[in-house]
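So this one's model_5.txt, compact mmCIF, C-alpha atoms and all ligand atoms:
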```txt
# COMPACT_ATOMS: atom_id res chain seq x y z
CA MET A 1 111.94 86.82 92.29
CA ARG A 2 109.99 85.67 89.23
CA ILE A 3 106.22 85.68 88.75
CA GLY A 4 105.39 83.75 85.58
CA SER A 5 107.81 85.13 82.98
CA ASN A 6 108.18 88.44 84.85
CA GLN A 7 111.31 89.38 86.76
CA ILE A 8 110.29 91.31 89.90
CA SER A 9 112.89 93.84 91.04
CA ALA A 10 111.51 94.41 94.56
CA PRO A 11 109.03 92.48 96.74
CA VAL A 12 106.86 95.54 97.34
CA MET A 13 104.03 96.93 95.20
CA ASN A 14 100.98 99.13 95.46
CA ALA A 15 97.63 97.61 96.38
CA ALA A 16 94.58 98.36 94.27
CA CYS A 17 93.22 101.67 95.57
CA SER A 18 91.91 105.10 94.66
CA VAL A 19 95.36 106.33 93.52
CA ALA A 20 95.97 103.48 91.06
CA LYS A 21 93.38 104.14 88.35
CA THR A 22 94.66 106.75 85.88
CA LEU A 23 97.56 107.18 83.46
CA ALA A 24 98.98 109.80 85.83
CA ASP A 25 98.79 107.29 88.70
CA VAL A 26 100.62 104.68 86.61
CA LYS A 27 103.28 107.23 85.64
CA ALA A 28 103.84 108.07 89.31
CA LEU A 29 103.97 104.38 90.31
CA CYS A 30 106.47 103.69 87.52
CA GLN A 31 108.75 106.29 89.10
CA THR A 32 108.79 104.40 92.42
CA LYS A 33 110.88 101.32 93.25
CA ALA A 34 107.77 99.09 93.22
CA GLY A 35 108.35 95.62 91.77
CA ILE A 36 104.94 95.50 90.06
CA VAL A 37 102.55 98.31 89.05
CA LEU A 38 98.92 97.39 89.79
CA VAL A 39 96.00 99.24 88.20
CA GLY A 40 92.50 99.17 89.67
CA SER A 41 90.24 97.87 90.80
CA ILE A 42 88.24 98.31 87.61
CA THR A 43 84.70 97.27 86.61
CA THR A 44 82.92 96.58 83.32
CA LEU A 45 80.92 99.85 83.43
CA PRO A 46 82.16 103.29 84.51
CA ARG A 47 81.35 104.10 88.15
CA GLU A 48 81.33 107.46 89.91
CA GLY A 49 81.67 105.74 93.26
CA ASN A 50 79.90 106.46 96.53
CA PRO A 51 78.96 109.93 97.81
CA GLU A 52 81.55 112.08 99.68
CA PRO A 53 82.90 111.98 102.29
CA ARG A 54 84.08 108.49 101.40
CA TRP A 55 87.60 108.46 102.90
CA PHE A 56 88.54 109.21 106.51
CA ASP A 57 92.00 109.39 108.04
CA GLY A 58 91.78 108.22 111.66
CA GLY A 59 95.55 108.26 112.24
CA ASP A 60 96.03 104.66 113.36
CA TYR A 61 93.46 103.54 110.83
CA ALA A 62 91.59 104.75 107.76
CA LEU A 63 88.04 104.18 106.62
CA ASN A 64 86.90 104.14 103.02
CA SER A 65 83.69 103.63 101.15
CA MET A 66 84.96 104.65 97.73
CA GLY A 67 82.49 102.42 95.88
CA LEU A 68 84.86 101.43 93.06
CA PRO A 69 85.11 104.75 91.20
CA ASN A 70 86.71 104.03 87.82
CA PRO A 71 86.13 104.91 84.16
CA GLY A 72 85.16 101.34 83.14
CA ALA A 73 86.27 98.77 80.57
CA GLU A 74 85.92 100.96 77.46
CA PHE A 75 88.41 103.46 78.93
CA TYR A 76 90.84 100.73 79.98
CA LYS A 77 90.72 99.11 76.54
CA GLN A 78 92.54 102.21 75.27
CA ALA A 79 94.55 102.97 78.40
CA LEU A 80 95.93 99.54 79.41
CA PRO A 81 98.29 99.13 76.43
CA LYS A 82 99.74 102.59 77.19
CA MET A 83 99.99 101.73 80.90
CA ARG A 84 101.67 98.42 80.08
CA ASP A 85 104.24 100.14 77.84
CA MET A 86 104.97 102.72 80.54
CA ALA A 87 105.48 99.99 83.12
CA HIS A 88 107.71 97.96 80.79
CA ARG A 89 109.87 101.01 80.06
CA ALA A 90 110.31 101.28 83.84
CA GLY A 91 111.27 97.58 84.00
CA LYS A 92 108.09 96.50 85.78
CA PRO A 93 105.21 94.18 84.88
CA LEU A 94 101.71 95.68 84.77
CA ALA A 95 98.95 94.01 86.76
CA ILE A 96 95.24 94.76 86.55
CA SER A 97 92.84 94.32 89.47
CA ILE A 98 89.34 93.37 88.31
CA ALA A 99 86.16 93.52 90.38
CA GLY A 100 82.48 92.70 89.89
CA HIS A 101 79.34 91.11 91.24
CA SER A 102 79.10 88.00 89.08
CA LEU A 103 81.09 85.38 87.20
CA GLU A 104 80.14 87.18 83.97
CA ASP A 105 81.70 90.47 85.18
CA TYR A 106 85.00 88.72 85.90
CA LEU A 107 84.98 86.85 82.58
CA GLU A 108 84.40 90.07 80.62
CA LEU A 109 87.24 91.82 82.43
CA ALA A 110 89.54 88.82 82.04
CA LYS A 111 88.95 89.07 78.27
CA LEU A 112 89.94 92.73 78.44
CA ALA A 113 93.11 91.79 80.34
CA ALA A 114 93.93 89.13 77.73
CA GLU A 115 93.28 91.46 74.77
CA THR A 116 95.36 94.28 76.24
CA GLU A 117 98.17 91.87 77.16
CA VAL A 118 98.64 92.97 80.75
CA ASP A 119 101.16 90.79 82.58
CA ILE A 120 99.25 89.77 85.72
CA VAL A 121 95.53 89.59 86.61
CA GLU A 122 94.38 90.17 90.20
CA LEU A 123 90.83 89.09 91.09
CA ASN A 124 89.50 91.44 93.74
CA LEU A 125 87.02 89.26 95.59
CA GLY A 126 86.88 91.40 98.72
CA CYS A 127 85.49 94.85 98.02
CA PRO A 128 83.50 95.67 101.16
CA ASN A 129 81.61 98.67 99.77
CA VAL A 130 79.54 97.47 96.81
CA SER A 131 78.42 94.14 98.14
CA ASP A 132 75.06 93.63 96.41
CA GLY A 133 74.69 89.90 96.82
CA GLY A 134 77.45 89.67 99.42
CA ILE A 135 81.24 89.84 99.41
CA ILE A 136 82.57 87.12 97.09
CA SER A 137 85.37 86.17 99.54
CA PHE A 138 82.65 84.54 101.65
CA ASN A 139 81.16 82.51 98.77
CA PRO A 140 83.47 79.50 98.23
CA GLN A 141 81.65 78.11 95.17
CA LEU A 142 81.68 81.46 93.36
CA ILE A 143 85.40 81.86 94.18
CA SER A 144 86.12 78.48 92.56
CA ASP A 145 83.92 79.28 89.55
CA ILE A 146 85.56 82.67 88.97
CA ILE A 147 89.10 81.24 89.22
CA ALA A 148 88.27 78.41 86.80
CA GLY A 149 86.44 80.74 84.39
CA VAL A 150 89.18 83.37 84.32
CA HIS A 151 91.87 80.72 83.87
CA GLY A 152 89.99 79.51 80.80
CA ILE A 153 90.39 82.99 79.28
CA THR A 154 93.94 83.96 80.19
CA ASP A 155 96.99 81.94 81.22
CA LYS A 156 98.66 85.01 82.75
CA PRO A 157 99.65 84.75 86.43
CA LEU A 158 96.55 85.02 88.58
CA PHE A 159 96.44 86.76 91.97
CA VAL A 160 93.37 86.28 94.18
CA LYS A 161 92.68 89.04 96.71
CA LEU A 162 90.47 88.07 99.62
CA SER A 163 88.79 89.71 102.60
CA PRO A 164 90.29 89.07 106.03
CA TYR A 165 88.68 85.98 107.62
CA SER A 166 87.96 85.99 111.34
CA ASN A 167 86.94 82.29 111.37
CA PRO A 168 90.08 80.12 110.95
CA GLU A 169 87.98 77.21 109.63
CA GLU A 170 86.55 79.38 106.89
CA LEU A 171 90.05 80.58 105.98
CA ALA A 172 91.25 76.96 105.84
CA HIS A 173 88.34 75.97 103.61
CA ILE A 174 89.08 78.79 101.16
CA ALA A 175 92.82 78.00 101.23
CA GLY A 176 91.94 74.37 100.42
CA ARG A 177 89.82 75.36 97.42
CA ILE A 178 92.50 77.70 96.11
CA GLY A 179 95.18 75.06 96.61
CA GLU A 180 93.11 72.48 94.70
CA SER A 181 92.50 74.76 91.75
CA GLU A 182 96.21 74.69 90.66
CA LYS A 183 95.58 77.87 88.73
CA VAL A 184 96.41 80.56 91.26
CA THR A 185 99.85 82.17 91.35
CA ALA A 186 99.37 84.19 94.55
CA VAL A 187 96.86 84.86 97.29
CA VAL A 188 96.73 88.52 98.28
CA THR A 189 95.69 88.75 101.85
CA SER A 190 93.88 90.88 102.66
CA ASN A 191 91.39 93.52 101.58
CA THR A 192 90.03 96.03 104.11
CA PHE A 193 88.01 94.74 107.07
CA PRO A 194 84.34 95.29 106.14
CA ASN A 195 81.87 97.59 107.83
CA GLY A 196 83.80 99.79 110.23
CA PHE A 197 81.97 102.82 111.63
CA MET A 198 83.15 106.07 113.24
CA MET A 199 81.57 109.37 114.25
CA GLU A 200 82.98 112.82 114.88
CA GLY A 201 80.95 115.59 116.43
CA GLY A 202 77.92 113.29 116.52
CA LYS A 203 78.03 112.61 112.75
CA PRO A 204 79.26 109.57 110.81
CA VAL A 205 82.65 110.39 109.22
CA ILE A 206 81.65 108.50 106.05
CA LYS A 207 78.53 109.50 104.12
CA ASN A 208 77.48 105.86 103.57
CA GLU A 209 78.28 105.25 107.26
CA LEU A 210 79.81 101.73 107.03
CA ALA A 211 83.26 101.48 105.47
CA GLY A 212 86.32 99.25 104.96
CA VAL A 213 88.96 99.55 107.70
CA SER A 214 92.60 99.85 106.60
CA GLY A 215 95.89 101.27 107.91
CA ARG A 216 98.05 100.59 110.93
CA ALA A 217 95.25 98.94 112.92
CA MET A 218 95.20 96.17 110.30
CA LEU A 219 98.87 95.16 110.78
CA PRO A 220 98.36 92.24 113.22
CA ILE A 221 95.26 91.11 111.31
CA GLY A 222 97.13 91.16 107.99
CA LEU A 223 100.10 89.33 109.50
CA GLY A 224 97.78 86.69 110.97
CA GLN A 225 96.13 86.12 107.59
CA VAL A 226 99.58 85.65 105.99
CA LYS A 227 100.71 83.26 108.71
CA GLN A 228 97.61 81.07 108.25
CA PHE A 229 97.57 81.11 104.43
CA ARG A 230 101.32 80.32 104.24
CA LYS A 231 100.80 77.25 106.40
CA LEU A 232 97.77 76.04 104.46
CA LEU A 233 98.59 76.77 100.81
CA PRO A 234 100.85 74.61 98.63
CA GLU A 235 104.40 76.00 98.35
CA ASN A 236 104.00 76.94 94.69
CA ILE A 237 101.32 79.54 95.56
CA LYS A 238 102.84 82.80 96.73
CA VAL A 239 101.41 84.84 99.59
CA ILE A 240 101.24 88.61 99.24
CA GLY A 241 100.61 90.45 102.50
CA VAL A 242 98.62 93.66 102.83
CA GLY A 243 97.56 95.72 105.80
CA GLY A 244 99.13 98.43 107.90
CA VAL A 245 102.53 98.56 106.23
CA GLU A 246 104.18 101.92 106.92
CA THR A 247 107.89 101.11 107.39
CA LYS A 248 110.61 98.71 106.24
CA ALA A 249 110.32 97.02 109.63
CA ASP A 250 106.65 96.29 108.86
CA THR A 251 107.57 94.69 105.52
CA GLU A 252 110.14 92.55 107.38
CA LEU A 253 107.41 91.38 109.76
CA TYR A 254 105.36 90.28 106.75
CA PHE A 255 108.30 88.36 105.28
CA GLN A 256 108.95 86.70 108.64
CA ALA A 257 105.27 85.67 108.79
CA GLY A 258 105.69 83.98 105.40
CA ALA A 259 104.84 86.61 102.78
CA ASP A 260 106.67 86.62 99.43
CA MET A 261 105.61 90.19 98.64
CA VAL A 262 103.89 93.10 100.35
CA GLN A 263 101.28 95.53 99.02
CA THR A 264 100.49 98.98 100.36
CA ALA A 265 97.53 101.28 99.79
CA THR A 266 96.70 103.50 102.78
CA LEU A 267 100.31 104.76 102.93
CA ILE A 268 100.27 105.98 99.33
CA VAL A 269 96.72 107.36 99.49
CA ARG A 270 97.80 109.41 102.50
CA ASP A 271 101.38 110.39 101.60
CA GLY A 272 101.60 110.00 97.80
CA HIS A 273 102.96 107.28 95.50
CA ALA A 274 106.63 107.95 96.34
CA ALA A 275 105.99 106.94 99.97
CA LEU A 276 106.16 103.35 98.71
CA ASN A 277 109.96 103.77 98.42
CA ARG A 278 110.15 103.96 102.23
CA LEU A 279 109.40 100.22 102.29
CA ILE A 280 112.26 99.16 100.00
CA SER A 281 115.86 98.79 101.14
CA THR A 282 117.90 99.13 97.95
O1 LIG B 301 86.41 101.09 95.96
C1 LIG B 301 86.25 100.69 97.13
O2 LIG B 301 85.35 101.12 97.87
C2 LIG B 301 87.11 99.65 97.70
C3 LIG B 301 87.49 98.50 97.05
BR1 LIG B 301 87.09 98.16 95.29
C4 LIG B 301 88.24 97.51 97.74
O3 LIG B 301 88.59 96.45 97.23
N1 LIG B 301 88.53 97.74 99.03
C5 LIG B 301 88.16 98.87 99.67
O4 LIG B 301 88.45 99.02 100.84
N2 LIG B 301 87.46 99.81 98.99
```

Structure translated into structure tokens:
Amino acid sequence: MRIGSNQISAPVMNAACSVAKTLADVKALCQTKAGIVLVGSITTLPREGNPEPRWFDGGDYALNSMGLPNPGAEFYKQALPKMRDMAHRAGKPLAISIAGHSLEDYLELAKLAAETEVDIVELNLGCPNVSDGGIISFNPQLISDIIAGVHGITDKPLFVKLSPYSNPEELAHIAGRIGESEKVTAVVTSNTFPNGFMMEGGKPVIKNELAGVSGRAMLPIGLGQVKQFRKLLPENIKVIGVGGVETKADTELYFQAGADMVQTATLIVRDGHAALNRLIST
């Protein structure tokens, strides 16, 4: 498969997550069979993230309220060229996942992506845990503005990562806007389901209490998002499925539902980067 000018060796990659932020993470991802190495999500300013505990392994599901911990744009200005070279030596394109609260945040980070010549830009519009002003996935006008603004800065392939939508009409409206924009290479569906809650021994398992839901429990939800987006988007826009992938059989389900690629995060957070190889046949 090709994405822009990049040859993709396998239709599986990591999702943006807590183990995709450092040079050591990129080195480990380069040693897997992933078709693309994705760094992030990153923000303009450094962030420590939310207070611990901020990750919970519930077996069939996971909860996280990481709060976008990352060393910020100044760090990535230095690190991204090194990360890109590492990925290229491993025969993989490097993608960067950017996140923020405003159009300005995304424009600044798109400039960083352009300057550092990363191969693919992913707009994370669905972080559930730092939603001052709301989650951007639910703001159609801001989605359109960010896509148009970022496209004006870089002509690299653009992935758009969205929250899962429970209202099919809302999903169709967003798919329509993305289809009209003619600037999006792939829709990544989906981010964690916002605002899950769990207690153990009478106490919330996550310090901030509400948290994004990921893992196995998200498999039918992720597949349903792929099925809907594939039907609604123009053929030239790829669909990348995320949610609950733990085995090759799960990746097959995503392809049968219409996905071109699959991303995985909870699996590698739990079992390490090399667990991604379990999803790839060759
Ligand atoms: O860092 C996080 O809390 C986080 C992000 Br940016 C995201 O996109 N999805 C998620 O579940 N957690």

- Task: Determine, counting only C-alpha atoms, which protein, DNA and RNA residues have an atom within 9 Å of an atom of Ser18 in chain A; residues of the same chain fewer than 4 positions away are not included. Present the result as a ChimeraX atom specification.
- Result: /A:40-41,66,68-70,265,269

- Item | Interatomic distance, CA of Ile36 in chain A to CA of Gly241 in chain A (Å, one decimal) | 14.1 Å

- Message: Just checking: using all atoms listed in the file, which residue out of A:Leu276, A:Gly59, A:Lys238, A:Ser137 ends up closest to Thr251 in chain A?
- Response: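 Between A:Leu276, A:Gly59, A:Lys238, A:Ser137, the residue approaching Thr251 in chain A most closely is A:Leu276.
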
- Note on the structure: Computed gap from CA of Lys77 in chain A to CA of Leu23 in chain A is 12.6 Å

Go through chain A residue by residue and, counting all atoms listed in the file, keep those with an atom at most 7 Å from ligand LIG 301 (chain B); for each kept residue give the shortest atom pair and its distance in Å to one decimal, ordered by chain and increasing number, as CSV.
```
residue,atom,partner,partner_atom,distance
A:Ala16,CA,B:LIG301,O3,6.9
A:Cys17,CA,B:LIG301,C3,6.7
A:Ser18,CA,B:LIG301,O1,6.9
A:Ser41,CA,B:LIG301,BR1,5.5
A:Asn64,CA,B:LIG301,O4,5.8
A:Ser65,CA,B:LIG301,O2,4.5
A:Met66,CA,B:LIG301,O2,3.6
A:Gly67,CA,B:LIG301,O2,3.7
A:Leu68,CA,B:LIG301,O1,3.3
A:Pro69,CA,B:LIG301,O1,6.1
A:Ala99,CA,B:LIG301,BR1,6.8
A:Asn124,CA,B:LIG301,O3,6.2
A:Gly126,CA,B:LIG301,O3,5.5
A:Cys127,CA,B:LIG301,O3,3.6
A:Pro128,CA,B:LIG301,N1,5.8
A:Asn129,CA,B:LIG301,O2,4.9
A:Val130,CA,B:LIG301,O2,6.9
A:Asn191,CA,B:LIG301,N1,5.7
A:Thr192,CA,B:LIG301,O4,4.7
A:Gly212,CA,B:LIG301,O4,4.6
A:Val213,CA,B:LIG301,O4,6.9
```

- Between CA of Pro71 in chain A and CA of Glu48 in chain A, what is the distance, to one decimal in Å?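 It comes out at 7.9 Å.
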
- Kindly provide, as an MDAnalysis selection string, the polymer residues lying within 10 Å of (98.8, 82.2, 78.5), counting all atoms listed in the file and using the coordinates exactly as they appear in the file. chainID A and resid 4 114 117 119 151:157

- Would you mind listing what lies within 9 Å of Met199 in chain A as number ranges by chain, with only C-alpha atoms counted and same-chain residues fewer than 6 positions away left out? A: 205-206, 209

- Item | Best match for closeness to Val160 in chain A among A:Phe229, A:Thr189, A:Leu267, A:His173, counting only C-alpha atoms |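 Ranking A:Phe229, A:Thr189, A:Leu267, A:His173 by distance to Val160 in chain A, first place goes to A:Thr189.
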
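Distances from A:Glu246, A:Asp145, A:Glu122, A:Glu169 to Ser181 in chain A were compared using only C-alpha atoms, and the smallest one belongs to A:Asp145.
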
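Only residues having an atom at most 10 Å from (87.9, 82.9, 89.2) are included; using all atoms listed in the file, these are A:Leu103, A:Tyr106, A:Leu107, A:Ala110, A:Glu122, A:Leu123, A:Asn124, A:Leu125, A:Gln141, A:Leu142, A:Ile143, A:Ser144, A:Asp145, A:Ile146, A:Ile147, A:Ala148, A:Gly149, A:Val150, A:His151, A:Gly152, A:Leu158, A:Phe159, A:Val160, A:Ile178, A:Ser181, A:Lys183, A:Val184.
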
Next, write the just-selected residues to a file, as a compact mmCIF listing (two decimals), in the frame of the given file, keeping C-alpha atoms as the atom set.
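Result file again-v7.txt:
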```
# COMPACT_ATOMS: atom_id res chain seq x y z
CA LEU A 103 81.09 85.38 87.20
CA TYR A 106 85.00 88.72 85.90
CA LEU A 107 84.98 86.85 82.58
CA ALA A 110 89.54 88.82 82.04
CA GLU A 122 94.38 90.17 90.20
CA LEU A 123 90.83 89.09 91.09
CA ASN A 124 89.50 91.44 93.74
CA LEU A 125 87.02 89.26 95.59
CA GLN A 141 81.65 78.11 95.17
CA LEU A 142 81.68 81.46 93.36
CA ILE A 143 85.40 81.86 94.18
CA SER A 144 86.12 78.48 92.56
CA ASP A 145 83.92 79.28 89.55
CA ILE A 146 85.56 82.67 88.97
CA ILE A 147 89.10 81.24 89.22
CA ALA A 148 88.27 78.41 86.80
CA GLY A 149 86.44 80.74 84.39
CA VAL A 150 89.18 83.37 84.32
CA HIS A 151 91.87 80.72 83.87
CA GLY A 152 89.99 79.51 80.80
CA LEU A 158 96.55 85.02 88.58
CA PHE A 159 96.44 86.76 91.97
CA VAL A 160 93.37 86.28 94.18
CA ILE A 178 92.50 77.70 96.11
CA SER A 181 92.50 74.76 91.75
CA LYS A 183 95.58 77.87 88.73
CA VAL A 184 96.41 80.56 91.26
```

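Of the residues under consideration (A:Ser190, A:Asp25, A:Ser214, A:Lys207), A:Lys207 shows the shortest atom-to-atom contact distance to Pro51 in chain A when counting only C-alpha atoms.
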
Can you sort out the box for range 143-148 of chain A, edges along x, y and z, all listed atoms in, 5 Å on every side, with centre and edge lengths in Å to one decimal, as JSON?
```
{"center_x": 86.5, "center_y": 80.5, "center_z": 90.5, "size_x": 15.2, "size_y": 14.3, "size_z": 17.4}
```

- Query: Of the candidates A:Glu182, A:Arg230, A:Ile135, A:Lys21, which one gets nearest to Pro46 in chain A if we count only C-alpha atoms?
  - Reply: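 Smallest separation from Pro46 in chain A among the options: A:Lys21.
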
- Measuring atom to atom with all atoms listed in the file, identify which of A:Ala95, A:Ile237, A:Leu63, A:Ala20 is nearest to Asn208 in chain A.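 So, comparing all the options, the nearest one is A:Leu63.
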
- Would you mind listing what lies within 12 Å of Asn167 in chain A as number ranges by chain, with all atoms listed in the file counted and same-chain residues fewer than 6 positions away left out? A: 138, 173-174, 224-225, 228

- Give me the residues within 12 Å of Ala73 in chain A as a PyMOL selection string, counting only C-alpha atoms and dropping any in the same chain fewer than 4 places off. chain A and resi 21+40-47+77-80+96-100+105-106+108-113+115-116

Kindly save the residues from that selection, with C-alpha atoms included, as an mmCIF file, in the frame of the given file.
```
data_model
loop_
_atom_site.group_PDB
_atom_site.id
_atom_site.type_symbol
_atom_site.label_atom_id
_atom_site.label_comp_id
_atom_site.auth_asym_id
_atom_site.auth_seq_id
_atom_site.Cartn_x
_atom_site.Cartn_y
_atom_site.Cartn_z
ATOM 1 C CA LYS A 21 93.380 104.140 88.350
ATOM 2 C CA GLY A 40 92.500 99.170 89.670
ATOM 3 C CA SER A 41 90.240 97.870 90.800
ATOM 4 C CA ILE A 42 88.240 98.310 87.610
ATOM 5 C CA THR A 43 84.700 97.270 86.610
ATOM 6 C CA THR A 44 82.920 96.580 83.320
ATOM 7 C CA LEU A 45 80.920 99.850 83.430
ATOM 8 C CA PRO A 46 82.160 103.290 84.510
ATOM 9 C CA ARG A 47 81.350 104.100 88.150
ATOM 10 C CA LYS A 77 90.720 99.110 76.540
ATOM 11 C CA GLN A 78 92.540 102.210 75.270
ATOM 12 C CA ALA A 79 94.550 102.970 78.400
ATOM 13 C CA LEU A 80 95.930 99.540 79.410
ATOM 14 C CA ILE A 96 95.240 94.760 86.550
ATOM 15 C CA SER A 97 92.840 94.320 89.470
ATOM 16 C CA ILE A 98 89.340 93.370 88.310
ATOM 17 C CA ALA A 99 86.160 93.520 90.380
ATOM 18 C CA GLY A 100 82.480 92.700 89.890
ATOM 19 C CA ASP A 105 81.700 90.470 85.180
ATOM 20 C CA TYR A 106 85.000 88.720 85.900
ATOM 21 C CA GLU A 108 84.400 90.070 80.620
ATOM 22 C CA LEU A 109 87.240 91.820 82.430
ATOM 23 C CA ALA A 110 89.540 88.820 82.040
ATOM 24 C CA LYS A 111 88.950 89.070 78.270
ATOM 25 C CA LEU A 112 89.940 92.730 78.440
ATOM 26 C CA ALA A 113 93.110 91.790 80.340
ATOM 27 C CA GLU A 115 93.280 91.460 74.770
ATOM 28 C CA THR A 116 95.360 94.280 76.240
#
```

Quick one: range 66-91 of chain A with N, CA and C atoms, as an mmCIF file, in the coordinates of the input?
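Generated file (out.cif):
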```cif
data_model
loop_
_atom_site.group_PDB
_atom_site.id
_atom_site.type_symbol
_atom_site.label_atom_id
_atom_site.label_comp_id
_atom_site.auth_asym_id
_atom_site.auth_seq_id
_atom_site.Cartn_x
_atom_site.Cartn_y
_atom_site.Cartn_z
ATOM 1 N N MET A 66 84.786 104.001 99.039
ATOM 2 C CA MET A 66 84.960 104.650 97.730
ATOM 3 C C MET A 66 83.870 104.206 96.751
ATOM 4 N N GLY A 67 83.528 102.918 96.788
ATOM 5 C CA GLY A 67 82.490 102.420 95.880
ATOM 6 C C GLY A 67 82.994 102.196 94.465
ATOM 7 N N LEU A 68 84.277 101.820 94.354
ATOM 8 C CA LEU A 68 84.860 101.430 93.060
ATOM 9 C C LEU A 68 84.777 102.514 91.974
ATOM 10 N N PRO A 69 85.122 103.759 92.276
ATOM 11 C CA PRO A 69 85.110 104.750 91.200
ATOM 12 C C PRO A 69 86.167 104.381 90.156
ATOM 13 N N ASN A 70 85.758 104.318 88.907
ATOM 14 C CA ASN A 70 86.710 104.030 87.820
ATOM 15 C C ASN A 70 85.998 104.258 86.491
ATOM 16 N N PRO A 71 86.767 104.559 85.444
ATOM 17 C CA PRO A 71 86.130 104.910 84.160
ATOM 18 C C PRO A 71 85.634 103.731 83.327
ATOM 19 N N GLY A 72 85.786 102.480 83.811
ATOM 20 C CA GLY A 72 85.160 101.340 83.140
ATOM 21 C C GLY A 72 85.996 100.746 82.000
ATOM 22 N N ALA A 73 85.504 99.585 81.516
ATOM 23 C CA ALA A 73 86.270 98.770 80.570
ATOM 24 C C ALA A 73 86.595 99.485 79.262
ATOM 25 N N GLU A 74 85.659 100.279 78.738
ATOM 26 C CA GLU A 74 85.920 100.960 77.460
ATOM 27 C C GLU A 74 87.151 101.863 77.571
ATOM 28 N N PHE A 75 87.236 102.596 78.700
ATOM 29 C CA PHE A 75 88.410 103.460 78.930
ATOM 30 C C PHE A 75 89.687 102.610 78.991
ATOM 31 N N TYR A 76 89.620 101.511 79.751
ATOM 32 C CA TYR A 76 90.840 100.730 79.980
ATOM 33 C C TYR A 76 91.287 99.964 78.723
ATOM 34 N N LYS A 77 90.346 99.742 77.806
ATOM 35 C CA LYS A 77 90.720 99.110 76.540
ATOM 36 C C LYS A 77 91.784 99.956 75.828
ATOM 37 N N GLN A 78 91.580 101.274 75.880
ATOM 38 C CA GLN A 78 92.540 102.210 75.270
ATOM 39 C C GLN A 78 93.755 102.402 76.175
ATOM 40 N N ALA A 79 93.492 102.519 77.487
ATOM 41 C CA ALA A 79 94.550 102.970 78.400
ATOM 42 C C ALA A 79 95.540 101.848 78.779
ATOM 43 N N LEU A 80 95.050 100.600 78.882
ATOM 44 C CA LEU A 80 95.930 99.540 79.410
ATOM 45 C C LEU A 80 97.175 99.296 78.548
ATOM 46 N N PRO A 81 97.056 99.304 77.196
ATOM 47 C CA PRO A 81 98.290 99.130 76.430
ATOM 48 C C PRO A 81 99.319 100.238 76.703
ATOM 49 N N LYS A 82 98.823 101.479 76.869
ATOM 50 C CA LYS A 82 99.740 102.590 77.190
ATOM 51 C C LYS A 82 100.347 102.382 78.588
ATOM 52 N N MET A 83 99.508 101.972 79.533
ATOM 53 C CA MET A 83 99.990 101.730 80.900
ATOM 54 C C MET A 83 101.026 100.616 80.913
ATOM 55 N N ARG A 84 100.734 99.557 80.146
ATOM 56 C CA ARG A 84 101.670 98.420 80.080
ATOM 57 C C ARG A 84 103.015 98.865 79.512
ATOM 58 N N ASP A 85 102.974 99.675 78.444
ATOM 59 C CA ASP A 85 104.240 100.140 77.840
ATOM 60 C C ASP A 85 105.018 101.015 78.815
ATOM 61 N N MET A 86 104.294 101.871 79.539
ATOM 62 C CA MET A 86 104.970 102.720 80.540
ATOM 63 C C MET A 86 105.650 101.863 81.588
ATOM 64 N N ALA A 87 104.919 100.862 82.083
ATOM 65 C CA ALA A 87 105.480 99.990 83.120
ATOM 66 C C ALA A 87 106.693 99.233 82.591
ATOM 67 N N HIS A 88 106.586 98.728 81.356
ATOM 68 C CA HIS A 88 107.710 97.960 80.790
ATOM 69 C C HIS A 88 108.941 98.843 80.608
ATOM 70 N N ARG A 89 108.714 100.092 80.184
ATOM 71 C CA ARG A 89 109.870 101.010 80.060
ATOM 72 C C ARG A 89 110.548 101.227 81.412
ATOM 73 N N ALA A 90 109.748 101.120 82.481
ATOM 74 C CA ALA A 90 110.310 101.280 83.840
ATOM 75 C C ALA A 90 110.818 99.948 84.398
ATOM 76 N N GLY A 91 110.758 98.891 83.571
ATOM 77 C CA GLY A 91 111.270 97.580 84.000
ATOM 78 C C GLY A 91 110.353 96.841 84.952
#
```
